[in-house]
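Text of model.pdb (PDB, C-alpha atoms) as supplied:
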ATOM      1  CA  MET A 205       0.000   0.000   0.000
ATOM      2  CA  TRP A 206       2.617   2.511   1.130
ATOM      3  CA  PRO A 207       4.950   1.898  -1.840
ATOM      4  CA  ARG A 208       2.056   2.628  -4.186
ATOM      5  CA  ILE A 209       1.180   5.839  -2.333
ATOM      6  CA  LEU A 210       4.844   6.866  -2.363
ATOM      7  CA  LEU A 211       5.135   6.093  -6.065
ATOM      8  CA  LEU A 212       1.961   8.053  -6.762
ATOM      9  CA  ALA A 213       3.325  11.005  -4.764
ATOM     10  CA  VAL A 214       6.607  10.909  -6.686
ATOM     11  CA  LEU A 215       4.821  10.715 -10.030
ATOM     12  CA  THR A 216       2.539  13.565  -9.029
ATOM     13  CA  ALA A 217       5.523  15.688  -7.969
ATOM     14  CA  VAL A 218       7.344  14.940 -11.226
ATOM     15  CA  ALA A 219       4.247  15.790 -13.257
ATOM     16  CA  TRP A 220       3.791  19.032 -11.338
ATOM     17  CA  LEU A 221       7.445  19.932 -11.785
ATOM     18  CA  GLY A 222       7.208  19.202 -15.498
ATOM     19  CA  TRP A 223       4.093  21.372 -15.731
ATOM     20  CA  VAL A 224       5.882  24.221 -13.946
ATOM     21  CA  VAL A 225       9.114  23.984 -15.935
ATOM     22  CA  VAL A 226       8.313  22.607 -19.390
ATOM     23  CA  ILE A 227       4.708  23.450 -20.266
ATOM     24  CA  PRO A 228       4.577  26.871 -22.014
ATOM     25  CA  VAL A 229       2.670  29.794 -20.545
ATOM     26  CA  ASP A 230       0.629  32.170 -22.657
ATOM     27  CA  LEU A 231       2.564  35.425 -22.482
ATOM     28  CA  PRO A 232       0.910  38.721 -21.470
ATOM     29  CA  GLN A 233       1.670  40.202 -24.882
ATOM     30  CA  SER A 234       3.298  39.223 -28.152
ATOM     31  CA  PRO A 235       6.135  39.647 -28.483
ATOM     32  CA  TYR A 236       6.888  39.655 -24.770
ATOM     33  CA  LYS A 237       9.899  41.867 -24.032
ATOM     34  CA  LEU A 238      12.104  41.123 -21.038
ATOM     35  CA  THR A 239      14.648  43.832 -20.249
ATOM     36  CA  ILE A 240      17.441  42.825 -17.882
ATOM     37  CA  GLY A 241      19.491  45.671 -16.481
ATOM     38  CA  PRO A 242      23.142  45.529 -15.471
ATOM     39  CA  ASN A 243      23.931  43.435 -12.368
ATOM     40  CA  ARG A 244      20.359  42.134 -12.101
ATOM     41  CA  THR A 245      20.209  38.806 -10.278
ATOM     42  CA  LEU A 246      18.307  35.674 -11.262
ATOM     43  CA  GLY A 247      16.140  36.134  -8.181
ATOM     44  CA  GLN A 248      15.109  39.606  -9.288
ATOM     45  CA  VAL A 249      14.372  38.388 -12.811
ATOM     46  CA  ALA A 250      12.327  35.440 -11.515
ATOM     47  CA  ARG A 251      10.315  37.669  -9.194
ATOM     48  CA  SER A 252       9.492  40.055 -12.037
ATOM     49  CA  LEU A 253       8.466  37.185 -14.346
ATOM     50  CA  ALA A 254       6.266  35.620 -11.671
ATOM     51  CA  ASP A 255       4.577  38.957 -10.933
ATOM     52  CA  GLU A 256       3.691  39.292 -14.626
ATOM     53  CA  GLY A 257       2.425  35.703 -14.885
ATOM     54  CA  VAL A 258       5.168  34.595 -17.276
ATOM     55  CA  ILE A 259       6.361  31.746 -15.021
ATOM     56  CA  ARG A 260       4.395  29.650 -12.565
ATOM     57  CA  ASN A 261       6.874  29.485  -9.683
ATOM     58  CA  ARG A 262       9.804  31.817  -9.133
ATOM     59  CA  ASN A 263      11.423  29.598  -6.486
ATOM     60  CA  ILE A 264      11.621  26.686  -8.922
ATOM     61  CA  MET A 265      13.198  28.958 -11.523
ATOM     62  CA  MET A 266      15.792  30.196  -9.042
ATOM     63  CA  LEU A 267      16.596  26.663  -7.857
ATOM     64  CA  LEU A 268      16.820  25.250 -11.376
ATOM     65  CA  GLY A 269      18.906  28.164 -12.589
ATOM     66  CA  ARG A 270      21.397  27.731  -9.763
ATOM     67  CA  MET A 271      21.608  23.965 -10.193
ATOM     68  CA  GLN A 272      22.450  24.443 -13.880
ATOM     69  CA  GLY A 273      24.810  27.353 -13.235
ATOM     70  CA  MET A 274      22.588  29.605 -15.302
ATOM     71  CA  ASP A 275      22.391  32.264 -12.613
ATOM     72  CA  ARG A 276      26.009  33.200 -13.361
ATOM     73  CA  LYS A 277      25.494  33.516 -17.110
ATOM     74  CA  ILE A 278      22.705  36.061 -17.315
ATOM     75  CA  LYS A 279      23.669  38.955 -19.559
ATOM     76  CA  ALA A 280      22.017  42.362 -19.541
ATOM     77  CA  GLY A 281      19.932  43.269 -22.551
ATOM     78  CA  LEU A 282      16.527  42.972 -24.186
ATOM     79  CA  TYR A 283      15.068  39.488 -24.808
ATOM     80  CA  GLN A 284      11.959  38.931 -26.901
ATOM     81  CA  PHE A 285       9.674  35.886 -26.749
ATOM     82  CA  SER A 286       6.807  34.878 -29.029
ATOM     83  CA  ASP A 287       3.233  33.864 -28.120
ATOM     84  CA  SER A 288       4.179  31.295 -25.473
ATOM     85  CA  ALA A 289       7.289  30.190 -23.614
ATOM     86  CA  SER A 290       8.128  27.740 -20.854
ATOM     87  CA  MET A 291      10.300  28.455 -17.850
ATOM     88  CA  TRP A 292      12.968  26.218 -19.395
ATOM     89  CA  ASP A 293      12.802  28.167 -22.665
ATOM     90  CA  ILE A 294      13.377  31.413 -20.799
ATOM     91  CA  LEU A 295      16.229  30.029 -18.702
ATOM     92  CA  GLN A 296      17.951  28.601 -21.768
ATOM     93  CA  ARG A 297      17.601  31.880 -23.604
ATOM     94  CA  LEU A 298      19.092  33.863 -20.738
ATOM     95  CA  ALA A 299      21.937  31.365 -20.292
ATOM     96  CA  ASP A 300      22.827  31.533 -23.981
ATOM     97  CA  GLY A 301      23.824  35.148 -23.398
ATOM     98  CA  HIS A 302      22.621  36.415 -26.764
ATOM     99  CA  PRO A 303      19.962  39.068 -26.167
ATOM    100  CA  ASP A 304      18.045  40.534 -29.082
ATOM    101  CA  GLU A 305      19.416  43.829 -27.900
ATOM    102  CA  ALA A 306      22.409  44.279 -25.612
ATOM    103  CA  SER A 307      22.780  47.238 -23.274
ATOM    104  CA  LEU A 308      25.366  49.791 -22.269
ATOM    105  CA  THR A 309      24.899  51.856 -19.119
ATOM    106  CA  LEU A 310      26.647  55.206 -18.744
ATOM    107  CA  ILE A 311      26.555  56.585 -15.204
ATOM    108  CA  GLU A 312      25.713  60.189 -14.350
ATOM    109  CA  GLY A 313      28.856  61.954 -13.178
ATOM    110  CA  TRP A 314      31.278  59.797 -15.151
ATOM    111  CA  ASN A 315      33.981  61.602 -17.079
ATOM    112  CA  PHE A 316      34.813  60.876 -20.700
ATOM    113  CA  ARG A 317      37.663  58.532 -19.783
ATOM    114  CA  GLN A 318      35.275  56.354 -17.776
ATOM    115  CA  PHE A 319      32.778  56.471 -20.643
ATOM    116  CA  ARG A 320      35.394  55.196 -23.086
ATOM    117  CA  GLN A 321      36.446  52.432 -20.708
ATOM    118  CA  ALA A 322      32.829  51.212 -20.397
ATOM    119  CA  ILE A 323      32.465  51.024 -24.170
ATOM    120  CA  ASP A 324      35.859  49.368 -24.653
ATOM    121  CA  ARG A 325      35.020  46.674 -22.081
ATOM    122  CA  ASN A 326      31.627  45.784 -23.556
ATOM    123  CA  PRO A 327      31.951  42.455 -25.426
ATOM    124  CA  ASP A 328      28.804  42.974 -27.515
ATOM    125  CA  ILE A 329      30.140  46.068 -29.265
ATOM    126  CA  LYS A 330      32.144  46.134 -32.484
ATOM    127  CA  HIS A 331      35.210  48.145 -31.458
ATOM    128  CA  GLU A 332      36.212  50.525 -34.211
ATOM    129  CA  ALA A 333      37.316  53.439 -32.013
ATOM    130  CA  ARG A 334      39.231  51.619 -29.288
ATOM    131  CA  ASP A 335      42.667  52.614 -30.621
ATOM    132  CA  LEU A 336      41.709  56.167 -31.568
ATOM    133  CA  THR A 337      42.747  59.173 -29.519
ATOM    134  CA  ASP A 338      39.991  61.383 -28.145
ATOM    135  CA  ALA A 339      40.641  63.891 -30.927
ATOM    136  CA  GLN A 340      40.523  61.193 -33.615
ATOM    137  CA  LEU A 341      37.298  59.804 -32.159
ATOM    138  CA  LEU A 342      35.651  63.207 -32.193
ATOM    139  CA  GLN A 343      36.822  63.691 -35.763
ATOM    140  CA  GLN A 344      35.091  60.440 -36.726
ATOM    141  CA  LEU A 345      31.912  61.871 -35.200
ATOM    142  CA  GLY A 346      32.264  65.127 -37.129
ATOM    143  CA  LEU A 347      33.122  67.071 -33.969
ATOM    144  CA  ASP A 348      36.444  68.656 -34.851
ATOM    145  CA  GLY A 349      37.880  71.286 -32.562
ATOM    146  CA  VAL A 350      35.789  70.559 -29.453
ATOM    147  CA  GLN A 351      36.488  68.996 -26.078
ATOM    148  CA  ALA A 352      34.763  65.657 -25.473
ATOM    149  CA  GLU A 353      34.059  66.089 -21.772
ATOM    150  CA  GLY A 354      30.368  66.407 -20.953
ATOM    151  CA  LEU A 355      29.099  66.097 -24.528
ATOM    152  CA  PHE A 356      27.601  62.607 -24.099
ATOM    153  CA  PHE A 357      24.416  61.820 -22.203
ATOM    154  CA  PRO A 358      24.511  59.237 -19.394
ATOM    155  CA  SER A 359      21.781  56.626 -19.810
ATOM    156  CA  THR A 360      21.213  52.951 -20.616
ATOM    157  CA  TYR A 361      21.412  52.374 -24.349
ATOM    158  CA  LEU A 362      20.032  49.246 -26.002
ATOM    159  CA  PHE A 363      21.715  48.122 -29.201
ATOM    160  CA  THR A 364      21.946  45.163 -31.538
ATOM    161  CA  PRO A 365      24.997  43.026 -30.654
ATOM    162  CA  GLY A 366      27.772  43.774 -33.105
ATOM    163  CA  SER A 367      26.870  47.448 -33.420
ATOM    164  CA  SER A 368      29.772  49.849 -33.883
ATOM    165  CA  ASP A 369      31.036  51.770 -30.884
ATOM    166  CA  LEU A 370      31.014  54.864 -33.096
ATOM    167  CA  GLU A 371      27.245  54.531 -33.416
ATOM    168  CA  LEU A 372      26.863  54.429 -29.616
ATOM    169  CA  TYR A 373      29.065  57.494 -29.201
ATOM    170  CA  ARG A 374      26.933  59.239 -31.822
ATOM    171  CA  ARG A 375      23.679  58.279 -30.071
ATOM    172  CA  ALA A 376      24.947  59.472 -26.687
ATOM    173  CA  TYR A 377      26.114  62.756 -28.239
ATOM    174  CA  ASN A 378      22.819  63.364 -30.063
ATOM    175  CA  THR A 379      20.853  62.548 -26.907
ATOM    176  CA  MET A 380      22.868  65.090 -24.916
ATOM    177  CA  GLN A 381      22.257  67.747 -27.556
ATOM    178  CA  GLN A 382      18.512  67.089 -27.367
ATOM    179  CA  LYS A 383      18.462  67.227 -23.546
ATOM    180  CA  LEU A 384      20.659  70.319 -23.488
ATOM    181  CA  ASP A 385      18.530  72.123 -26.081
ATOM    182  CA  ALA A 386      15.405  71.349 -24.048
ATOM    183  CA  ALA A 387      16.995  72.646 -20.832
ATOM    184  CA  TRP A 388      18.261  75.783 -22.570
ATOM    185  CA  SER A 389      14.830  76.506 -24.043
ATOM    186  CA  ALA A 390      13.187  76.140 -20.607
ATOM    187  CA  ARG A 391      15.816  78.104 -18.652
ATOM    188  CA  LYS A 392      15.102  80.981 -16.294
ATOM    189  CA  ALA A 393      15.788  84.500 -17.460
ATOM    190  CA  ASP A 394      18.890  86.442 -16.400
ATOM    191  CA  LEU A 395      21.136  83.486 -15.657
ATOM    192  CA  PRO A 396      24.874  84.307 -15.621
ATOM    193  CA  TYR A 397      25.697  82.018 -18.517
ATOM    194  CA  HIS A 398      25.067  82.943 -22.086
ATOM    195  CA  THR A 399      25.320  79.774 -24.169
ATOM    196  CA  PRO A 400      24.031  76.208 -23.900
ATOM    197  CA  TYR A 401      27.637  75.075 -23.429
ATOM    198  CA  GLU A 402      27.986  77.231 -20.320
ATOM    199  CA  LEU A 403      24.773  75.704 -18.985
ATOM    200  CA  LEU A 404      26.298  72.287 -19.657
ATOM    201  CA  ILE A 405      29.384  73.255 -17.654
ATOM    202  CA  MET A 406      27.209  74.403 -14.766
ATOM    203  CA  ALA A 407      25.204  71.172 -14.894
ATOM    204  CA  SER A 408      28.408  69.120 -14.668
ATOM    205  CA  LEU A 409      29.481  71.010 -11.545
ATOM    206  CA  VAL A 410      26.063  70.431  -9.981
ATOM    207  CA  GLU A 411      26.206  66.744 -10.941
ATOM    208  CA  LYS A 412      29.523  66.228  -9.166
ATOM    209  CA  GLU A 413      28.537  68.164  -6.047
ATOM    210  CA  THR A 414      25.435  66.152  -5.129
ATOM    211  CA  SER A 415      23.526  63.048  -6.107
ATOM    212  CA  LEU A 416      20.423  64.161  -4.201
ATOM    213  CA  ASP A 417      17.663  65.382  -6.516
ATOM    214  CA  ALA A 418      16.259  67.785  -3.919
ATOM    215  CA  ASP A 419      19.633  69.488  -3.448
ATOM    216  CA  ARG A 420      20.565  69.960  -7.100
ATOM    217  CA  PRO A 421      18.506  73.147  -7.699
ATOM    218  CA  LEU A 422      19.894  74.592  -4.441
ATOM    219  CA  VAL A 423      23.489  73.818  -5.410
ATOM    220  CA  ALA A 424      22.836  75.468  -8.757
ATOM    221  CA  ALA A 425      21.397  78.485  -6.927
ATOM    222  CA  VAL A 426      24.544  78.828  -4.816
ATOM    223  CA  PHE A 427      26.748  78.764  -7.911
ATOM    224  CA  VAL A 428      24.513  81.230  -9.779
ATOM    225  CA  ASN A 429      24.434  83.592  -6.796
ATOM    226  CA  ARG A 430      28.209  83.433  -6.534
ATOM    227  CA  LEU A 431      28.688  84.161 -10.222
ATOM    228  CA  ASN A 432      26.299  87.117  -9.986
ATOM    229  CA  LYS A 433      28.275  88.545  -7.053
ATOM    230  CA  GLY A 434      31.667  87.970  -8.673
ATOM    231  CA  MET A 435      32.592  85.340  -6.057
ATOM    232  CA  ARG A 436      34.643  82.300  -6.965
ATOM    233  CA  LEU A 437      32.729  79.014  -7.131
ATOM    234  CA  GLN A 438      35.212  77.159  -4.894
ATOM    235  CA  THR A 439      33.940  73.691  -5.723
ATOM    236  CA  ASP A 440      36.221  70.769  -4.868
ATOM    237  CA  PRO A 441      35.181  68.487  -7.764
ATOM    238  CA  SER A 442      36.570  70.984 -10.264
ATOM    239  CA  VAL A 443      39.896  71.031  -8.418
ATOM    240  CA  ILE A 444      39.972  67.233  -8.428
ATOM    241  CA  TYR A 445      39.245  67.173 -12.152
ATOM    242  CA  GLY A 446      42.113  69.601 -12.772
ATOM    243  CA  MET A 447      44.482  67.396 -10.750
ATOM    244  CA  GLY A 448      43.958  64.526 -13.190
ATOM    245  CA  SER A 449      46.042  61.459 -12.355
ATOM    246  CA  ALA A 450      47.636  63.294  -9.409
ATOM    247  CA  TYR A 451      44.414  62.831  -7.444
ATOM    248  CA  HIS A 452      44.534  59.736  -5.236
ATOM    249  CA  GLY A 453      41.441  60.097  -3.086
ATOM    250  CA  ASN A 454      42.332  63.059  -0.906
ATOM    251  CA  ILE A 455      42.460  66.789  -1.553
ATOM    252  CA  SER A 456      44.756  68.992   0.528
ATOM    253  CA  LYS A 457      44.977  72.711   1.197
ATOM    254  CA  ALA A 458      47.994  72.787  -1.098
ATOM    255  CA  ASP A 459      45.847  71.277  -3.858
ATOM    256  CA  LEU A 460      43.284  74.053  -3.365
ATOM    257  CA  ARG A 461      46.038  76.673  -3.767
ATOM    258  CA  ARG A 462      47.725  75.020  -6.759
ATOM    259  CA  ASP A 463      46.471  76.794  -9.868
ATOM    260  CA  THR A 464      45.036  74.864 -12.817
ATOM    261  CA  PRO A 465      42.474  75.935 -15.421
ATOM    262  CA  TYR A 466      39.901  74.004 -13.369
ATOM    263  CA  ASN A 467      40.768  75.344  -9.916
ATOM    264  CA  THR A 468      37.707  77.374  -8.958
ATOM    265  CA  TYR A 469      39.496  78.486  -5.773
ATOM    266  CA  THR A 470      42.148  80.351  -7.778
ATOM    267  CA  ARG A 471      40.124  81.344 -10.871
ATOM    268  CA  ASN A 472      36.920  83.225 -11.411
ATOM    269  CA  GLY A 473      33.879  82.021 -13.299
ATOM    270  CA  LEU A 474      32.995  78.649 -14.748
ATOM    271  CA  THR A 475      35.517  75.982 -15.622
ATOM    272  CA  PRO A 476      36.690  75.958 -19.272
ATOM    273  CA  THR A 477      34.820  72.710 -20.023
ATOM    274  CA  PRO A 478      32.391  70.423 -18.223
ATOM    275  CA  ILE A 479      34.012  68.103 -15.690
ATOM    276  CA  ALA A 480      31.623  65.152 -16.117
ATOM    277  CA  MET A 481      28.530  63.862 -17.900
ATOM    278  CA  PRO A 482      25.499  65.503 -16.257
ATOM    279  CA  GLY A 483      22.139  63.774 -16.229
ATOM    280  CA  LYS A 484      18.757  65.343 -16.899
ATOM    281  CA  ALA A 485      18.185  66.367 -13.276
ATOM    282  CA  ALA A 486      21.461  68.317 -13.213
ATOM    283  CA  LEU A 487      20.674  69.959 -16.562
ATOM    284  CA  ASP A 488      17.247  70.973 -15.295
ATOM    285  CA  ALA A 489      18.750  72.342 -12.072
ATOM    286  CA  ALA A 490      21.289  74.413 -14.004
ATOM    287  CA  ALA A 491      18.495  75.787 -16.189
ATOM    288  CA  ASN A 492      16.132  76.426 -13.271
ATOM    289  CA  PRO A 493      18.012  76.998 -10.009
ATOM    290  CA  ALA A 494      16.026  77.252  -6.816
ATOM    291  CA  ASN A 495      14.815  80.646  -5.647
ATOM    292  CA  SER A 496      17.355  80.971  -2.866
ATOM    293  CA  SER A 497      19.800  83.556  -1.542
ATOM    294  CA  ALA A 498      22.218  80.846  -0.382
ATOM    295  CA  LEU A 499      25.911  81.407  -1.043
ATOM    296  CA  TYR A 500      27.348  78.445   0.851
ATOM    297  CA  PHE A 501      26.633  74.803   1.520
ATOM    298  CA  VAL A 502      28.206  72.053   3.570
ATOM    299  CA  ALA A 503      27.680  68.290   3.524
ATOM    300  CA  LYS A 504      25.645  67.049   6.485
ATOM    301  CA  GLY A 505      27.004  63.517   6.333
ATOM    302  CA  ASP A 506      23.745  61.872   5.266
ATOM    303  CA  GLY A 507      24.007  62.665   1.564
ATOM    304  CA  SER A 508      22.273  66.033   1.871
ATOM    305  CA  SER A 509      23.702  69.515   2.373
ATOM    306  CA  TYR A 510      22.991  72.500   4.609
ATOM    307  CA  PHE A 511      22.624  75.777   2.703
ATOM    308  CA  SER A 512      23.463  79.190   4.165
ATOM    309  CA  ALA A 513      23.015  82.773   2.998
ATOM    310  CA  THR A 514      25.710  84.259   5.244
ATOM    311  CA  LEU A 515      29.263  83.317   6.130
ATOM    312  CA  ASP A 516      28.461  83.300   9.858
ATOM    313  CA  GLU A 517      25.638  80.789   9.339
ATOM    314  CA  HIS A 518      27.899  78.715   7.109
ATOM    315  CA  ASN A 519      30.672  78.642   9.716
ATOM    316  CA  GLN A 520      28.159  77.488  12.324
ATOM    317  CA  ALA A 521      27.086  74.691   9.971
ATOM    318  CA  VAL A 522      30.722  73.695   9.402
ATOM    319  CA  ARG A 523      31.245  73.466  13.144
ATOM    320  CA  LYS A 524      28.075  71.389  13.505
ATOM    321  CA  TYR A 525      28.478  68.994  10.614
ATOM    322  CA  ILE A 526      32.222  68.853   9.916
ATOM    323  CA  LEU A 527      34.286  69.838  12.956
ATOM    324  CA  LYS A 528      31.993  68.140  15.484
ATOM    325  CA  LYS A 529      31.928  64.979  13.385
ATOM    326  CA  GLY A 530      35.737  65.029  13.190
ATOM    327  CA  SER A 531      36.042  65.316  16.972
ATOM    328  CA  ASN A 532      33.729  62.313  17.409
ATOM    329  CA  ASP A 533      35.587  60.071  14.968
TER
END

Would you encode the structure as C-alpha cells?
Amino acid sequence: MWPRILLLAVLTAVAWLGWVVVIPVDLPQSPYKLTIGPNRTLGQVARSLADEGVIRNRNIMMLLGRMQGMDRKIKAGLYQFSDSASMWDILQRLADGHPDEASLTLIEGWNFRQFRQAIDRNPDIKHEARDLTDAQLLQQLGLDGVQAEGLFFPSTYLFTPGSSDLELYRRAYNTMQQKLDAAWSARKADLPYHTPYELLIMASLVEKETSLDADRPLVAAVFVNRLNKGMRLQTDPSVIYGMGSAYHGNISKADLRRDTPYNTYTRNGLTPTPIAMPGKAALDAAANPANSSALYFVAKGDGSSYFSATLDEHNQAVRKYILKKGSND
C-alpha cells in the first residue's frame, strides 16, 4: 500500500514539476519583451516574471537556474519571446547570453575617460574606435575642434549586438544635444551664462557636487548667486578634475592653492569645459536653479547639504556637521 502511495506522490511531484518547468505559458503580450538591467540577479528576474504571470513558480526557476549554473550567465539586454514560452525556454535563452538587444549603461557623473572604458570593455560592441585618440574619435563623429568632456548623455542604451562603438558614441552625443537644447529653451531669465555650453558646464558642476535630486537646484542656486556677485565658485570636484592622475582620493589645502584651469578656488567664473557627464536632473537644475539667496553649503554627512546665505551661518554649519563629526571620529 505505502509503496504505491509513495510512487503516486513521486509521479505527481514529477508531473507538477514538469508542468511548472516545461509546459509553455501564454505570455501577457506578443512579443513579450524582457529587459534585464546591469547586475540584475536571477532572483530579481524570476520575481518580475512571476509577478507578470510569465512563469508559474519563481522559487523553482531560481533553484533550477542555480543547479544548472545559469544564474552566473545572465547577460544584460533585451530578450523577446513569441506567443508562449516555458520556464525552461526562458532560462535557456538567458543562459545563452545572446539578447536581441544588448545594453550599455553610462553613469551620471562619469567623465569621458570612464565612458570610453565602459564602451571598450563591452563584449557585444564592435570596437572601431578603441585605438583612436579622443581627438581622432571626435573627428570620426564630425566634432572637430571641441572637447569631449560632458558632450555625451549618461543613460542605458540598447543596441543590436555587433553594433559599432562609433554609433553608440553618436547616439549618446545626439541625446545630450537634445536634452541640453530642451533645458536651454526652458531656462530661467537672467542666468549668468550665455550659451548652452555654459549651462552644460554648470550642470556638470552640480552633478559632481550632489547626487540628491532635492539638493541639485539649491546647489545650482549657490553657484549662480556666486557668479552674480563675482565670487569664486570654490567647488572641490573641479579642483579634483584639474588634478587629473595626481588625485589619489584626498584633496589637501595645497591642492586648493595650486592653480590649474579648473581650480575654482584660484580662478573666477565657470571651468573651461564640463568636468563630467550631467544627467537630466542636473541639466534641469542648471536651467532652473532654486529661488534661494544661499551662497554656501556644507555636507551634512547623510548625503544632503545645509545651505546658508551668510558666512556666519555657514561657519556654524561647518562646526556642527564637519568639525563636530571630526572630533567624534

Please enumerate the residues selected by the PyMOL selection byres ((chain A and resi 294) around 12) when evaluated against the supplied file, formatted as a ChimeraX atom specification. /A:225-229,231,236-238,246,249-250,253,258-259,265,268-269,274,278,283-286,288-293,295-301,303

What residues come out when you apply the PyMOL selection byres ((chain A and resi 345) around 9) to this file, written as a PDB file with C-alpha atoms, keeping the file's coordinate frame?
ATOM      1  CA  GLN A 340      40.523  61.193 -33.615  1.00  0.00           C
ATOM      2  CA  LEU A 341      37.298  59.804 -32.159  1.00  0.00           C
ATOM      3  CA  LEU A 342      35.651  63.207 -32.193  1.00  0.00           C
ATOM      4  CA  GLN A 343      36.822  63.691 -35.763  1.00  0.00           C
ATOM      5  CA  GLN A 344      35.091  60.440 -36.726  1.00  0.00           C
ATOM      6  CA  GLY A 346      32.264  65.127 -37.129  1.00  0.00           C
ATOM      7  CA  LEU A 347      33.122  67.071 -33.969  1.00  0.00           C
ATOM      8  CA  ASP A 348      36.444  68.656 -34.851  1.00  0.00           C
ATOM      9  CA  LEU A 370      31.014  54.864 -33.096  1.00  0.00           C
ATOM     10  CA  GLU A 371      27.245  54.531 -33.416  1.00  0.00           C
ATOM     11  CA  TYR A 373      29.065  57.494 -29.201  1.00  0.00           C
ATOM     12  CA  ARG A 374      26.933  59.239 -31.822  1.00  0.00           C
TER      13      ARG A 374
END

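Reported to one decimal place, the separation of atom CA of Ala254 of chain A from atom CA of Pro232 of chain A is 11.6 Å.
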
Fewer than 4 positions away in the same chain doesn't count, so skip those; otherwise give me all residues within 12 Å of segment 508-517 of chain A, counting only C-alpha atoms, as a ChimeraX atom specification. /A:413-427,429-430,494,496-504,521-526

Write the selection just made, keeping C-alpha atoms, as a PDB file, in the coordinates of the input?
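Final output, saved to part-v6.pdb:
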ATOM      1  CA  GLU A 413      28.537  68.164  -6.047  1.00  0.00           C
ATOM      2  CA  THR A 414      25.435  66.152  -5.129  1.00  0.00           C
ATOM      3  CA  SER A 415      23.526  63.048  -6.107  1.00  0.00           C
ATOM      4  CA  LEU A 416      20.423  64.161  -4.201  1.00  0.00           C
ATOM      5  CA  ASP A 417      17.663  65.382  -6.516  1.00  0.00           C
ATOM      6  CA  ALA A 418      16.259  67.785  -3.919  1.00  0.00           C
ATOM      7  CA  ASP A 419      19.633  69.488  -3.448  1.00  0.00           C
ATOM      8  CA  ARG A 420      20.565  69.960  -7.100  1.00  0.00           C
ATOM      9  CA  PRO A 421      18.506  73.147  -7.699  1.00  0.00           C
ATOM     10  CA  LEU A 422      19.894  74.592  -4.441  1.00  0.00           C
ATOM     11  CA  VAL A 423      23.489  73.818  -5.410  1.00  0.00           C
ATOM     12  CA  ALA A 424      22.836  75.468  -8.757  1.00  0.00           C
ATOM     13  CA  ALA A 425      21.397  78.485  -6.927  1.00  0.00           C
ATOM     14  CA  VAL A 426      24.544  78.828  -4.816  1.00  0.00           C
ATOM     15  CA  PHE A 427      26.748  78.764  -7.911  1.00  0.00           C
ATOM     16  CA  ASN A 429      24.434  83.592  -6.796  1.00  0.00           C
ATOM     17  CA  ARG A 430      28.209  83.433  -6.534  1.00  0.00           C
ATOM     18  CA  ALA A 494      16.026  77.252  -6.816  1.00  0.00           C
ATOM     19  CA  SER A 496      17.355  80.971  -2.866  1.00  0.00           C
ATOM     20  CA  SER A 497      19.800  83.556  -1.542  1.00  0.00           C
ATOM     21  CA  ALA A 498      22.218  80.846  -0.382  1.00  0.00           C
ATOM     22  CA  LEU A 499      25.911  81.407  -1.043  1.00  0.00           C
ATOM     23  CA  TYR A 500      27.348  78.445   0.851  1.00  0.00           C
ATOM     24  CA  PHE A 501      26.633  74.803   1.520  1.00  0.00           C
ATOM     25  CA  VAL A 502      28.206  72.053   3.570  1.00  0.00           C
ATOM     26  CA  ALA A 503      27.680  68.290   3.524  1.00  0.00           C
ATOM     27  CA  LYS A 504      25.645  67.049   6.485  1.00  0.00           C
ATOM     28  CA  ALA A 521      27.086  74.691   9.971  1.00  0.00           C
ATOM     29  CA  VAL A 522      30.722  73.695   9.402  1.00  0.00           C
ATOM     30  CA  ARG A 523      31.245  73.466  13.144  1.00  0.00           C
ATOM     31  CA  LYS A 524      28.075  71.389  13.505  1.00  0.00           C
ATOM     32  CA  TYR A 525      28.478  68.994  10.614  1.00  0.00           C
ATOM     33  CA  ILE A 526      32.222  68.853   9.916  1.00  0.00           C
TER      34      ILE A 526
END

Near segment 440-456 of chain A, 12 Å: segment 303-354 of chain A residue rows, closest pairs, only C-alpha atoms, as a Markdown table:
| residue | atom | partner | partner_atom | distance |
| --- | --- | --- | --- | --- |
| A:Gly313 | CA | A:Pro441 | CA | 10.6 |
| A:Trp314 | CA | A:Tyr445 | CA | 11.3 |
| A:Asn315 | CA | A:Tyr445 | CA | 9.1 |
| A:Phe316 | CA | A:Tyr445 | CA | 11.5 |
| A:Arg317 | CA | A:Gly448 | CA | 10.9 |
| A:Glu353 | CA | A:Tyr445 | CA | 11.0 |

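Around the coordinate (25.4, 79.5, -25.1), residues that reach within 12 Å when counting all atoms listed in the file are Leu384, Asp385, Ala387, Trp388, Ser389, Arg391, Leu395, Pro396, Tyr397, His398, Thr399, Pro400, Tyr401, Glu402, Leu403, Leu404, Ile405, Met406 and Ala491 of chain A.
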
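Nearest-residue note for Ala486 of chain A: choosing from A:Phe357, A:Phe363, A:Tyr466, A:Tyr377, the minimum distance belongs to A:Phe357, counting only C-alpha atoms.
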
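Between atom CA of Ala393 of chain A and atom CA of Val428 of chain A the interatomic distance comes to 12.1 Å.
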
Could you jot down the atom CA of Asn492 of chain A to atom CA of Val350 of chain A separation for me, Å, one decimal place? 26.1 Å

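Picked by the PyMOL selection byres ((chain A and resi 319-326) around 9) from the coordinates shown: Ser307, Leu308, Thr309, Leu310, Ile311, Trp314, Asn315, Phe316, Arg317, Gln318, Pro327, Asp328, Ile329, Lys330, His331, Ala333, Arg334, Phe356, Pro358, Asp369, Leu372, Tyr373 and Met481 of chain A.
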
Preceding selection exported with C-alpha atoms as a compact mmCIF listing (two decimals), in the frame of the given file:
# COMPACT_ATOMS: atom_id res chain seq x y z
CA SER A 307 22.78 47.24 -23.27
CA LEU A 308 25.37 49.79 -22.27
CA THR A 309 24.90 51.86 -19.12
CA LEU A 310 26.65 55.21 -18.74
CA ILE A 311 26.56 56.58 -15.20
CA TRP A 314 31.28 59.80 -15.15
CA ASN A 315 33.98 61.60 -17.08
CA PHE A 316 34.81 60.88 -20.70
CA ARG A 317 37.66 58.53 -19.78
CA GLN A 318 35.28 56.35 -17.78
CA PRO A 327 31.95 42.46 -25.43
CA ASP A 328 28.80 42.97 -27.52
CA ILE A 329 30.14 46.07 -29.26
CA LYS A 330 32.14 46.13 -32.48
CA HIS A 331 35.21 48.14 -31.46
CA ALA A 333 37.32 53.44 -32.01
CA ARG A 334 39.23 51.62 -29.29
CA PHE A 356 27.60 62.61 -24.10
CA PRO A 358 24.51 59.24 -19.39
CA ASP A 369 31.04 51.77 -30.88
CA LEU A 372 26.86 54.43 -29.62
CA TYR A 373 29.06 57.49 -29.20
CA MET A 481 28.53 63.86 -17.90
